[in-house]
>>> print(open('final_5.csv').read())   # CSV, C-alpha atoms and all ligand atoms
chain,number,residue,atom,x,y,z
A,1,MET,CA,24.2,-8.5,-18.0
A,2,SER,CA,26.4,-6.0,-16.0
A,3,ARG,CA,28.7,-3.9,-18.2
A,4,MET,CA,32.0,-2.3,-17.4
A,5,SER,CA,32.0,1.5,-17.0
A,6,LEU,CA,34.7,3.7,-18.6
A,7,THR,CA,35.8,4.5,-15.0
A,8,ARG,CA,36.4,0.8,-14.2
A,9,PHE,CA,38.0,0.1,-17.6
A,10,LEU,CA,40.5,3.0,-16.9
A,11,ILE,CA,41.2,1.8,-13.4
A,12,GLU,CA,42.0,-1.7,-14.7
A,13,ALA,CA,44.2,-0.2,-17.5
A,14,GLN,CA,46.1,1.7,-14.7
A,15,ARG,CA,46.5,-1.6,-12.7
A,16,GLU,CA,47.8,-3.3,-15.8
A,17,GLY,CA,50.4,-0.5,-16.2
A,18,HIS,CA,49.0,0.9,-19.4
A,19,ILE,CA,48.2,4.4,-18.0
A,20,ASN,CA,49.1,6.4,-15.0
A,21,PRO,CA,46.6,8.3,-12.7
A,22,GLN,CA,47.2,11.6,-14.5
A,23,LEU,CA,46.4,10.1,-17.9
A,24,ARG,CA,43.4,8.3,-16.4
A,25,LEU,CA,42.0,11.6,-15.0
A,26,LEU,CA,42.7,13.3,-18.4
A,27,ILE,CA,40.6,10.7,-20.3
A,28,GLU,CA,37.8,10.9,-17.7
A,29,VAL,CA,37.8,14.7,-18.1
A,30,VAL,CA,37.7,14.6,-21.9
A,31,ALA,CA,34.9,12.0,-21.7
A,32,ARG,CA,32.9,14.3,-19.3
A,33,ALA,CA,33.4,17.3,-21.7
A,34,CYS,CA,32.1,15.1,-24.5
A,35,LYS,CA,29.0,14.3,-22.5
A,36,ARG,CA,28.3,18.0,-22.2
A,37,ILE,CA,28.8,18.5,-25.9
A,38,SER,CA,26.5,15.5,-26.5
A,39,VAL,CA,23.8,17.2,-24.4
A,40,ALA,CA,24.2,20.5,-26.4
A,41,VAL,CA,24.1,18.7,-29.7
A,42,GLY,CA,21.0,16.7,-28.6
A,43,LYS,CA,19.1,19.9,-27.8
A,44,GLY,CA,19.5,21.2,-31.3
A,45,ALA,CA,17.1,23.9,-32.3
A,46,LEU,CA,15.5,23.8,-28.7
A,47,SER,CA,18.5,25.8,-27.5
A,48,ASP,CA,20.6,28.4,-29.3
A,49,VAL,CA,23.3,26.1,-30.6
A,50,LEU,CA,22.7,25.8,-34.4
A,51,GLY,CA,23.9,28.1,-37.1
A,52,ASP,CA,27.0,30.3,-37.6
A,53,ALA,CA,29.0,31.9,-34.8
A,54,VAL,CA,29.3,35.7,-35.1
A,55,SER,CA,32.2,37.8,-34.1
A,56,GLY,CA,31.9,41.0,-32.0
A,57,ALA,CA,31.4,43.1,-35.0
A,58,GLY,CA,28.4,41.0,-36.1
A,59,ALA,CA,30.3,39.4,-39.1
A,60,SER,CA,30.6,35.6,-39.4
A,61,SER,CA,33.5,34.5,-37.3
A,62,VAL,CA,36.4,32.7,-39.1
A,63,ASN,CA,38.9,30.3,-37.5
A,64,VAL,CA,42.6,30.0,-38.2
A,65,GLN,CA,41.8,27.5,-41.0
A,66,GLY,CA,39.9,30.2,-42.9
A,67,GLU,CA,36.6,28.3,-42.2
A,68,ALA,CA,33.4,30.0,-41.0
A,69,GLN,CA,32.9,28.8,-37.4
A,70,LYS,CA,29.6,27.3,-36.3
A,71,LYS,CA,28.2,28.1,-32.9
A,72,LEU,CA,28.9,24.5,-31.9
A,73,ASP,CA,32.5,24.7,-33.0
A,74,VAL,CA,33.0,27.6,-30.6
A,75,LEU,CA,30.9,26.1,-27.7
A,76,SER,CA,32.6,22.7,-27.9
A,77,ASN,CA,36.0,24.3,-27.9
A,78,GLU,CA,35.0,26.2,-24.8
A,79,ILE,CA,33.6,23.2,-23.0
A,80,LEU,CA,36.8,21.2,-23.6
A,81,LEU,CA,39.1,24.0,-22.5
A,82,GLU,CA,37.0,24.7,-19.3
A,83,ALA,CA,36.8,21.0,-18.4
A,84,ASN,CA,40.5,20.5,-18.7
A,85,ALA,CA,41.7,23.7,-17.1
A,86,TRP,CA,41.8,22.8,-13.4
A,87,GLY,CA,42.5,19.0,-13.1
A,88,GLY,CA,46.3,19.4,-12.9
A,89,HIS,CA,46.8,16.8,-15.6
A,90,LEU,CA,47.7,19.0,-18.5
A,91,ALA,CA,50.4,21.5,-19.5
A,92,ALA,CA,48.5,22.9,-22.5
A,93,CYS,CA,45.7,22.4,-25.1
A,94,ALA,CA,45.8,22.9,-28.8
A,95,SER,CA,42.7,23.0,-31.0
A,96,GLU,CA,41.5,23.3,-34.6
A,97,GLU,CA,39.7,26.5,-33.5
A,98,MET,CA,42.7,28.3,-31.9
A,99,GLU,CA,45.8,29.7,-33.7
A,100,HIS,CA,48.2,28.8,-30.9
A,101,CYS,CA,48.3,26.4,-28.0
A,102,GLN,CA,46.7,27.5,-24.8
A,103,PRO,CA,48.8,26.8,-21.6
A,104,ILE,CA,46.9,25.9,-18.5
A,105,PRO,CA,46.1,29.1,-16.6
A,106,ASP,CA,48.5,30.1,-13.8
A,107,ALA,CA,45.7,29.7,-11.2
A,108,PHE,CA,46.0,25.9,-11.6
A,109,PRO,CA,48.8,23.4,-11.3
A,110,ARG,CA,50.3,22.1,-14.6
A,111,GLY,CA,50.6,18.4,-15.4
A,112,ASN,CA,52.8,16.5,-17.9
A,113,TYR,CA,50.4,16.0,-20.8
A,114,LEU,CA,49.5,17.9,-24.0
A,115,LEU,CA,45.9,17.6,-25.4
A,116,LEU,CA,45.0,18.3,-29.0
A,117,PHE,CA,41.4,18.3,-30.2
A,118,ASP,CA,39.1,18.9,-33.1
A,119,PRO,CA,36.2,20.0,-30.8
A,120,LEU,CA,33.5,19.6,-33.4
A,121,ASP,CA,34.1,17.5,-36.5
A,122,GLY,CA,31.7,17.6,-39.4
A,123,SER,CA,30.6,21.2,-39.0
A,124,SER,CA,28.7,21.1,-42.3
A,125,ASN,CA,26.4,18.4,-40.8
A,126,ILE,CA,25.4,20.3,-37.6
A,127,ASP,CA,22.4,22.1,-39.1
A,128,VAL,CA,21.1,19.1,-41.0
A,129,ASN,CA,21.0,16.7,-38.0
A,130,VAL,CA,23.6,14.3,-39.3
A,131,SER,CA,26.2,12.6,-37.0
A,132,ILE,CA,29.1,14.8,-35.9
A,133,GLY,CA,31.9,14.3,-33.3
A,134,THR,CA,34.9,15.3,-31.3
A,135,ILE,CA,38.4,14.0,-32.0
A,136,PHE,CA,41.3,14.1,-29.5
A,137,SER,CA,45.0,13.2,-29.2
A,138,VAL,CA,47.3,13.1,-26.1
A,139,LEU,CA,51.0,13.6,-26.1
A,140,ARG,CA,53.6,13.9,-23.3
A,141,ALA,CA,55.1,17.4,-22.7
A,142,PRO,CA,58.8,17.2,-23.5
A,143,ASP,CA,61.0,16.7,-20.3
A,144,GLY,CA,62.0,20.0,-18.6
A,145,ALA,CA,60.2,21.9,-21.4
A,146,GLY,CA,59.3,25.0,-19.3
A,147,GLU,CA,56.5,27.3,-20.4
A,148,PRO,CA,54.3,25.4,-23.0
A,149,GLU,CA,54.6,26.5,-26.6
A,150,ASP,CA,53.4,25.2,-30.0
A,151,ALA,CA,56.8,23.6,-30.7
A,152,HIS,CA,56.2,21.1,-27.8
A,153,PHE,CA,53.3,19.6,-29.7
A,154,LEU,CA,55.3,18.9,-32.9
A,155,GLN,CA,55.8,15.2,-32.2
A,156,PRO,CA,55.0,12.4,-34.7
A,157,GLY,CA,51.7,10.5,-34.2
A,158,SER,CA,53.7,7.4,-33.0
A,159,ALA,CA,54.3,9.4,-29.8
A,160,GLN,CA,50.6,9.6,-28.9
A,161,VAL,CA,49.9,8.0,-25.5
A,162,ALA,CA,46.1,8.1,-26.1
A,163,ALA,CA,43.7,9.0,-28.9
A,164,GLY,CA,40.0,8.9,-29.3
A,165,TYR,CA,36.8,10.3,-30.7
A,166,CYS,CA,33.3,10.7,-29.6
A,167,VAL,CA,30.5,10.4,-32.2
A,168,TYR,CA,27.2,12.2,-31.6
A,169,GLY,CA,24.9,10.0,-33.6
A,170,PRO,CA,21.7,8.0,-32.8
A,171,SER,CA,23.8,6.9,-29.8
A,172,THR,CA,26.7,8.8,-28.4
A,173,LEU,CA,29.9,6.6,-28.5
A,174,LEU,CA,33.4,7.1,-27.2
A,175,VAL,CA,36.1,5.2,-29.1
A,176,LEU,CA,39.4,5.1,-27.3
A,177,SER,CA,42.9,3.7,-27.5
A,178,VAL,CA,45.7,4.0,-24.9
A,179,GLY,CA,48.0,1.8,-27.1
A,180,HIS,CA,46.5,-1.5,-26.2
A,181,GLY,CA,43.7,-2.0,-28.7
A,182,THR,CA,40.7,0.1,-29.7
A,183,HIS,CA,37.6,0.0,-27.6
A,184,VAL,CA,34.1,1.4,-27.9
A,185,PHE,CA,32.0,2.8,-25.1
A,186,THR,CA,28.3,3.8,-25.4
A,187,LEU,CA,26.8,6.6,-23.4
A,188,ASP,CA,24.1,5.3,-21.1
A,189,ARG,CA,21.9,8.5,-21.0
A,190,GLU,CA,19.9,7.3,-18.0
A,191,GLN,CA,23.1,6.6,-15.9
A,192,GLY,CA,25.1,9.5,-17.4
A,193,SER,CA,28.1,7.2,-17.9
A,194,PHE,CA,30.0,5.6,-20.8
A,195,VAL,CA,29.9,1.8,-20.7
A,196,LEU,CA,32.2,-0.6,-22.6
A,197,THR,CA,30.2,-2.1,-25.5
A,198,ARG,CA,33.0,-3.4,-27.8
A,199,ARG,CA,36.4,-4.5,-26.6
A,200,ASP,CA,39.3,-4.8,-29.1
A,201,VAL,CA,37.6,-3.8,-32.3
A,202,ARG,CA,39.2,-5.5,-35.4
A,203,ILE,CA,38.7,-3.9,-38.8
A,204,PRO,CA,38.2,-6.5,-41.6
A,205,GLU,CA,41.4,-6.6,-43.7
A,206,SER,CA,39.7,-6.5,-47.1
A,207,THR,CA,36.7,-4.4,-48.1
A,208,ARG,CA,34.3,-3.6,-51.0
A,209,GLU,CA,33.5,-0.1,-49.7
A,210,PHE,CA,35.2,3.3,-50.2
A,211,ALA,CA,34.5,6.8,-48.8
A,212,ILE,CA,35.6,9.8,-50.8
A,213,ASN,CA,34.2,13.2,-51.9
A,214,MET,CA,33.9,12.3,-55.6
A,215,SER,CA,33.1,15.9,-56.6
A,216,ASN,CA,36.8,16.7,-56.4
A,217,GLN,CA,37.8,14.0,-58.9
A,218,ARG,CA,38.9,16.3,-61.6
A,219,HIS,CA,41.5,17.9,-59.2
A,220,TRP,CA,43.2,14.6,-58.2
A,221,GLU,CA,46.7,13.6,-59.2
A,222,PRO,CA,47.2,10.7,-61.8
A,223,PRO,CA,47.7,7.8,-59.3
A,224,MET,CA,44.5,8.7,-57.4
A,225,GLN,CA,42.6,8.9,-60.8
A,226,ALA,CA,44.0,5.4,-61.7
A,227,TYR,CA,43.1,3.9,-58.3
A,228,VAL,CA,39.5,5.1,-58.2
A,229,ALA,CA,39.0,4.3,-61.9
A,230,ASP,CA,39.9,0.7,-61.0
A,231,LEU,CA,37.5,0.7,-58.0
A,232,LEU,CA,34.7,2.0,-60.3
A,233,ALA,CA,35.5,-0.6,-62.9
A,234,GLY,CA,34.1,-3.3,-60.5
A,235,ARG,CA,34.5,-7.0,-61.0
A,236,GLU,CA,35.4,-6.6,-64.7
A,237,GLY,CA,38.4,-4.3,-63.7
A,238,PRO,CA,41.8,-5.2,-62.3
A,239,ARG,CA,40.5,-5.3,-58.7
A,240,GLY,CA,38.0,-8.0,-59.6
A,241,LYS,CA,35.2,-7.0,-57.3
A,242,ASP,CA,32.3,-4.5,-57.2
A,243,TYR,CA,32.7,-1.6,-54.7
A,244,ASN,CA,30.1,0.4,-52.9
A,245,MET,CA,30.5,4.1,-51.9
A,246,ARG,CA,29.6,6.1,-48.8
A,247,TRP,CA,30.5,9.7,-47.8
A,248,ILE,CA,29.0,11.2,-44.7
A,249,ALA,CA,31.3,14.3,-44.7
A,250,SER,CA,31.9,13.9,-41.0
A,251,MET,CA,35.3,12.1,-40.6
A,252,VAL,CA,34.2,10.7,-37.2
A,253,ALA,CA,31.1,9.1,-38.7
A,254,ASP,CA,33.0,7.8,-41.8
A,255,VAL,CA,35.8,6.3,-39.6
A,256,HIS,CA,33.3,4.8,-37.2
A,257,ARG,CA,31.6,3.0,-40.1
A,258,ILE,CA,35.0,1.7,-41.2
A,259,LEU,CA,35.9,0.5,-37.6
A,260,THR,CA,32.5,-1.3,-37.5
A,261,ARG,CA,32.4,-3.0,-40.9
A,262,GLY,CA,35.6,-2.1,-42.8
A,263,GLY,CA,36.2,0.2,-45.8
A,264,ILE,CA,38.7,2.8,-46.8
A,265,PHE,CA,38.4,6.6,-46.1
A,266,ILE,CA,40.2,8.9,-48.4
A,267,TYR,CA,40.8,12.6,-48.5
A,268,PRO,CA,43.6,13.0,-51.0
A,269,TRP,CA,45.8,15.9,-52.1
A,270,ASP,CA,44.1,17.9,-54.9
A,271,ARG,CA,45.1,20.7,-57.3
A,272,ARG,CA,42.7,23.3,-55.9
A,273,GLU,CA,45.3,24.4,-53.3
A,274,PRO,CA,48.6,23.0,-54.7
A,275,ASP,CA,50.7,24.0,-51.7
A,276,ARG,CA,48.4,22.3,-49.2
A,277,PRO,CA,49.1,18.5,-48.9
A,278,GLY,CA,45.4,17.8,-48.1
A,279,LYS,CA,42.3,19.2,-46.4
A,280,LEU,CA,42.5,17.3,-43.1
A,281,ARG,CA,44.7,18.3,-40.2
A,282,LEU,CA,47.6,16.0,-39.3
A,283,MET,CA,47.7,16.6,-35.5
A,284,TYR,CA,44.1,16.5,-34.4
A,285,GLU,CA,42.4,14.6,-37.2
A,286,ALA,CA,44.8,12.2,-39.0
A,287,ASN,CA,47.0,11.2,-36.1
A,288,PRO,CA,44.4,10.2,-33.6
A,289,MET,CA,42.4,8.4,-36.3
A,290,ALA,CA,45.5,6.6,-37.5
A,291,MET,CA,46.3,5.4,-34.0
A,292,LEU,CA,42.8,4.1,-33.5
A,293,VAL,CA,42.7,2.4,-36.9
A,294,GLU,CA,46.2,0.8,-36.5
A,295,GLN,CA,45.3,-0.4,-33.0
A,296,ALA,CA,42.3,-2.1,-34.6
A,297,GLY,CA,44.4,-3.9,-37.2
A,298,GLY,CA,43.9,-1.4,-40.0
A,299,ALA,CA,46.4,0.9,-41.8
A,300,ALA,CA,46.8,4.7,-42.4
A,301,THR,CA,49.0,6.5,-44.9
A,302,ASP,CA,49.2,9.8,-46.7
A,303,GLY,CA,49.3,7.8,-50.0
A,304,ARG,CA,53.1,7.2,-49.6
A,305,ARG,CA,54.1,7.3,-45.9
A,306,ARG,CA,52.7,5.9,-42.7
A,307,ILE,CA,50.7,8.8,-41.1
A,308,LEU,CA,52.1,8.0,-37.6
A,309,ASP,CA,55.7,8.4,-38.9
A,310,ILE,CA,55.3,12.0,-40.2
A,311,GLN,CA,57.2,14.6,-38.3
A,312,PRO,CA,54.9,17.7,-38.1
A,313,GLY,CA,56.3,21.1,-38.9
A,314,SER,CA,53.4,23.2,-37.6
A,315,LEU,CA,50.3,22.8,-35.4
A,316,HIS,CA,47.7,23.1,-38.2
A,317,GLU,CA,49.7,21.2,-40.8
A,318,ARG,CA,47.5,19.4,-43.4
A,319,VAL,CA,47.9,15.9,-44.8
A,320,ALA,CA,46.4,13.6,-47.3
A,321,VAL,CA,44.6,10.7,-45.6
A,322,PHE,CA,44.0,7.0,-46.7
A,323,LEU,CA,42.9,4.9,-43.8
A,324,GLY,CA,40.9,1.7,-42.9
A,325,SER,CA,41.0,-1.9,-44.1
A,326,LYS,CA,44.7,-2.9,-44.3
A,327,ASP,CA,44.7,-4.6,-47.8
A,328,GLU,CA,42.8,-1.7,-49.4
A,329,VAL,CA,45.0,1.0,-47.8
A,330,GLU,CA,48.1,-1.0,-49.0
A,331,ALA,CA,46.6,-1.2,-52.5
A,332,ALA,CA,45.9,2.6,-52.7
A,333,THR,CA,49.4,3.3,-51.4
A,334,ARG,CA,50.9,1.0,-54.0
A,335,TYR,CA,49.3,3.0,-56.8
A,336,HIS,CA,51.0,6.2,-55.5
A,337,ARG,CA,54.4,4.7,-54.8
A,338,GLU,CA,54.5,2.9,-58.2
A,339,HIS,CA,53.7,6.2,-59.9
A,340,ASP,CA,56.5,8.1,-58.2
B,401,LIG,P1,35.7,20.1,-39.5
B,401,LIG,O1,34.2,20.1,-39.5
B,401,LIG,O2,36.3,19.7,-38.2
B,401,LIG,O3,36.4,21.3,-40.1
B,401,LIG,O4,36.2,18.8,-40.4
B,401,LIG,C1,35.5,18.6,-41.6
B,401,LIG,C2,36.2,17.6,-42.4
B,401,LIG,C3,35.9,16.1,-42.1
B,401,LIG,O5,35.1,15.9,-41.0
B,401,LIG,C4,35.2,15.6,-43.3
B,401,LIG,O6,35.6,14.3,-43.6
B,401,LIG,C5,35.6,16.6,-44.4
B,401,LIG,O7,35.9,17.8,-43.8
B,401,LIG,C6,34.4,16.8,-45.4
B,401,LIG,O8,34.9,17.5,-46.5
B,401,LIG,P2,34.0,17.9,-47.7
B,401,LIG,O9,33.2,19.0,-47.3
B,401,LIG,O10,35.0,18.2,-48.8
B,401,LIG,O11,33.2,16.7,-48.1
B,402,MN,MN,36.4,23.2,-39.2
B,403,MN,MN,37.4,17.8,-38.4
B,404,MN,MN,36.2,20.8,-36.4
>>> encode(input="final_5.csv", output="structure tokens")
Amino acid sequence: MSRMSLTRFLIEAQREGHINPQLRLLIEVVARACKRISVAVGKGALSDVLGDAVSGAGASSVNVQGEAQKKLDVLSNEILLEANAWGGHLAACASEEMEHCQPIPDAFPRGNYLLLFDPLDGSSNIDVNVSIGTIFSVLRAPDGAGEPEDAHFLQPGSAQVAAGYCVYGPSTLLVLSVGHGTHVFTLDREQGSFVLTRRDVRIPESTREFAINMSNQRHWEPPMQAYVADLLAGREGPRGKDYNMRWIASMVADVHRILTRGGIFIYPWDRREPDRPGKLRLMYEANPMAMLVEQAGGAATDGRRRILDIQPGSLHERVAVFLGSKDEVEAATRYHREHD
């Protein structure tokens, strides 16, 4: 059976008026960068990509989030920046690993789009050979905006024109939405190209599976305690069914399982850092995942509000995340709203 390449899929999306040539090129370039990251991930210990990154002074290097950077965090960030510098499709990039946005260098023409990325998601899984990934989000630069700055990125997730992730697992997959469904492409390693393997993914509306880091339970707020207690109560409890639990600790891999067979992914607010609304980042983790999940018929909230409606106040803003099967996300959100 002949399968459709990502290139052909994007050309057809352009003909249908869903994307323009600049956005098509942008997505092709991000996909190419992900292929390079996939090759680096695949080499593992055979090349020098595992372990912690070190700063010039020999100490562990720490990013703007206060996290120790892995070599692959830094390398993936560089691959994405380099690949996107010269195509003429972008005005600037912003990344989990950089404090401020990086405008396209003066040597190259600037385009109309802004690209945000989590270059390597699931850093704690790199050295143990568990699936990791890359997450990205595309916005339009504001009209007549001039020199790119962080403020230009502060648009709600509903303004995204494209979002996607690449998961580096047993297969390398690219999952993409340009606002007309969510589609899965598998990297054909012999051909070196992504091919469409699932069009229009639909997430089952109800589920018996949840994903959360239970070790933080004692730090959760009362509605979270009540919600998870009812899941754990199983068929004898108010939810009336037995639930299973999975937690990979790579958001890409957990979300991919949910896109494939349903479930709810949760990273709630907790008391450890009371001033921080959650661990995950709104602009390059929650927003792109929320778009992909909604485009597949699922839902995404912060426990109270739809993620895609949140107006960001800063580039690295954090948010609580509840996403996946629609009925389950609505149930979890009800526990929070009824408590307020
Ligand atoms: P990153 O590696 O990009 O910093 O993101 C890690 C995130 C996310 O992928 C995952 O769901 C979560 O952190 C895991 O958190 P715990 O370590 O608390 O389980
Ligand atoms: Mn990180
Ligand atoms: Mn991440
Ligand atoms: Mn990351």
>>> closest_residue(input="final_5.csv", among="A:Leu72, A:Val195, A:Leu231, A:Leu10", to="Arg36 of chain A", atoms="only C-alpha atoms")
A:Leu72
>>> closest_residue(input="final_5.csv", among="A:Asp340, A:Asp127, A:Asp73, A:Glu294", to="Pro204 of chain A", atoms="all atoms listed in the file")
A:Glu294
>>> atom_distance(input="final_5.csv", atom1="atom CA of Gln102 of chain A", atom2="atom CA of Leu114 of chain A")
10.0 Å
>>> closest_atom_pairs(input="final_5.csv", of="chain A", to="ligand MN 403 (chain B)", cutoff="10 Å", atoms="all atoms listed in the file", output="Markdown table")
| residue | atom | partner | partner_atom | distance |
| --- | --- | --- | --- | --- |
| A:Glu96 | CA | B:MN403 | MN | 7.8 |
| A:Phe117 | CA | B:MN403 | MN | 9.1 |
| A:Asp118 | CA | B:MN403 | MN | 5.7 |
| A:Pro119 | CA | B:MN403 | MN | 8.0 |
| A:Leu120 | CA | B:MN403 | MN | 6.6 |
| A:Asp121 | CA | B:MN403 | MN | 3.8 |
| A:Gly122 | CA | B:MN403 | MN | 5.8 |
| A:Ser123 | CA | B:MN403 | MN | 7.6 |
| A:Ile132 | CA | B:MN403 | MN | 9.2 |
| A:Gly133 | CA | B:MN403 | MN | 8.3 |
| A:Thr134 | CA | B:MN403 | MN | 7.9 |
| A:Ile135 | CA | B:MN403 | MN | 7.5 |
| A:Ala249 | CA | B:MN403 | MN | 9.4 |
| A:Ser250 | CA | B:MN403 | MN | 7.2 |
| A:Met251 | CA | B:MN403 | MN | 6.5 |
| A:Val252 | CA | B:MN403 | MN | 7.9 |
| A:Lys279 | CA | B:MN403 | MN | 9.5 |
| A:Leu280 | CA | B:MN403 | MN | 7.0 |
| A:Arg281 | CA | B:MN403 | MN | 7.5 |
| A:Tyr284 | CA | B:MN403 | MN | 7.9 |
| A:Glu285 | CA | B:MN403 | MN | 6.1 |
| A:Ala286 | CA | B:MN403 | MN | 9.3 |
>>> closest_residue(input="final_5.csv", among="A:Tyr165, A:Tyr335, A:Trp86, A:Phe265", to="Pro223 of chain A", atoms="all atoms listed in the file")
A:Tyr335
>>> residues_around(input="final_5.csv", residues="Leu196 of chain A", least_positions_apart="3", cutoff="9 Å", atoms="all atoms listed in the file", output="short mmCIF file (atom, residue, chain, number, x, y, z; two decimals) with C-alpha atoms, in the frame of the given file")
data_model
loop_
_atom_site.label_atom_id
_atom_site.label_comp_id
_atom_site.auth_asym_id
_atom_site.auth_seq_id
_atom_site.Cartn_x
_atom_site.Cartn_y
_atom_site.Cartn_z
CA ARG A 3 28.70 -3.90 -18.20
CA MET A 4 32.00 -2.30 -17.40
CA SER A 5 32.00 1.50 -17.00
CA LEU A 6 34.70 3.70 -18.60
CA PHE A 9 38.00 0.10 -17.60
CA HIS A 183 37.60 0.00 -27.60
CA VAL A 184 34.10 1.40 -27.90
CA PHE A 185 32.00 2.80 -25.10
CA THR A 186 28.30 3.80 -25.40
CA ARG A 199 36.40 -4.50 -26.60
#
>>> residues_around(input="final_5.csv", residues="segment 270-277 of chain A", least_positions_apart="6", cutoff="6 Å", atoms="all atoms listed in the file", output="list in words")
His219, Trp220, Arg318, Val319 and Ala320 of chain A
>>> write_last_selection(input="final_5.csv", atoms="C-alpha atoms", output="mmCIF file, keeping the file's coordinate frame")
data_model
loop_
_atom_site.group_PDB
_atom_site.id
_atom_site.type_symbol
_atom_site.label_atom_id
_atom_site.label_comp_id
_atom_site.auth_asym_id
_atom_site.auth_seq_id
_atom_site.Cartn_x
_atom_site.Cartn_y
_atom_site.Cartn_z
ATOM 1 C CA HIS A 219 41.500 17.900 -59.200
ATOM 2 C CA TRP A 220 43.200 14.600 -58.200
ATOM 3 C CA ARG A 318 47.500 19.400 -43.400
ATOM 4 C CA VAL A 319 47.900 15.900 -44.800
ATOM 5 C CA ALA A 320 46.400 13.600 -47.300
#
>>> closest_residue(input="final_5.csv", among="A:Gln311, A:Gln217, A:Ser137, A:Gln65", to="ligand LIG 401 (chain B)", atoms="only C-alpha atoms and all ligand atoms")
A:Gln65
>>> closest_residue(input="final_5.csv", among="A:His180, A:Ala33, A:Ala145, A:His316", to="ligand MN 404 (chain B)", atoms="only C-alpha atoms and all ligand atoms")
A:His316
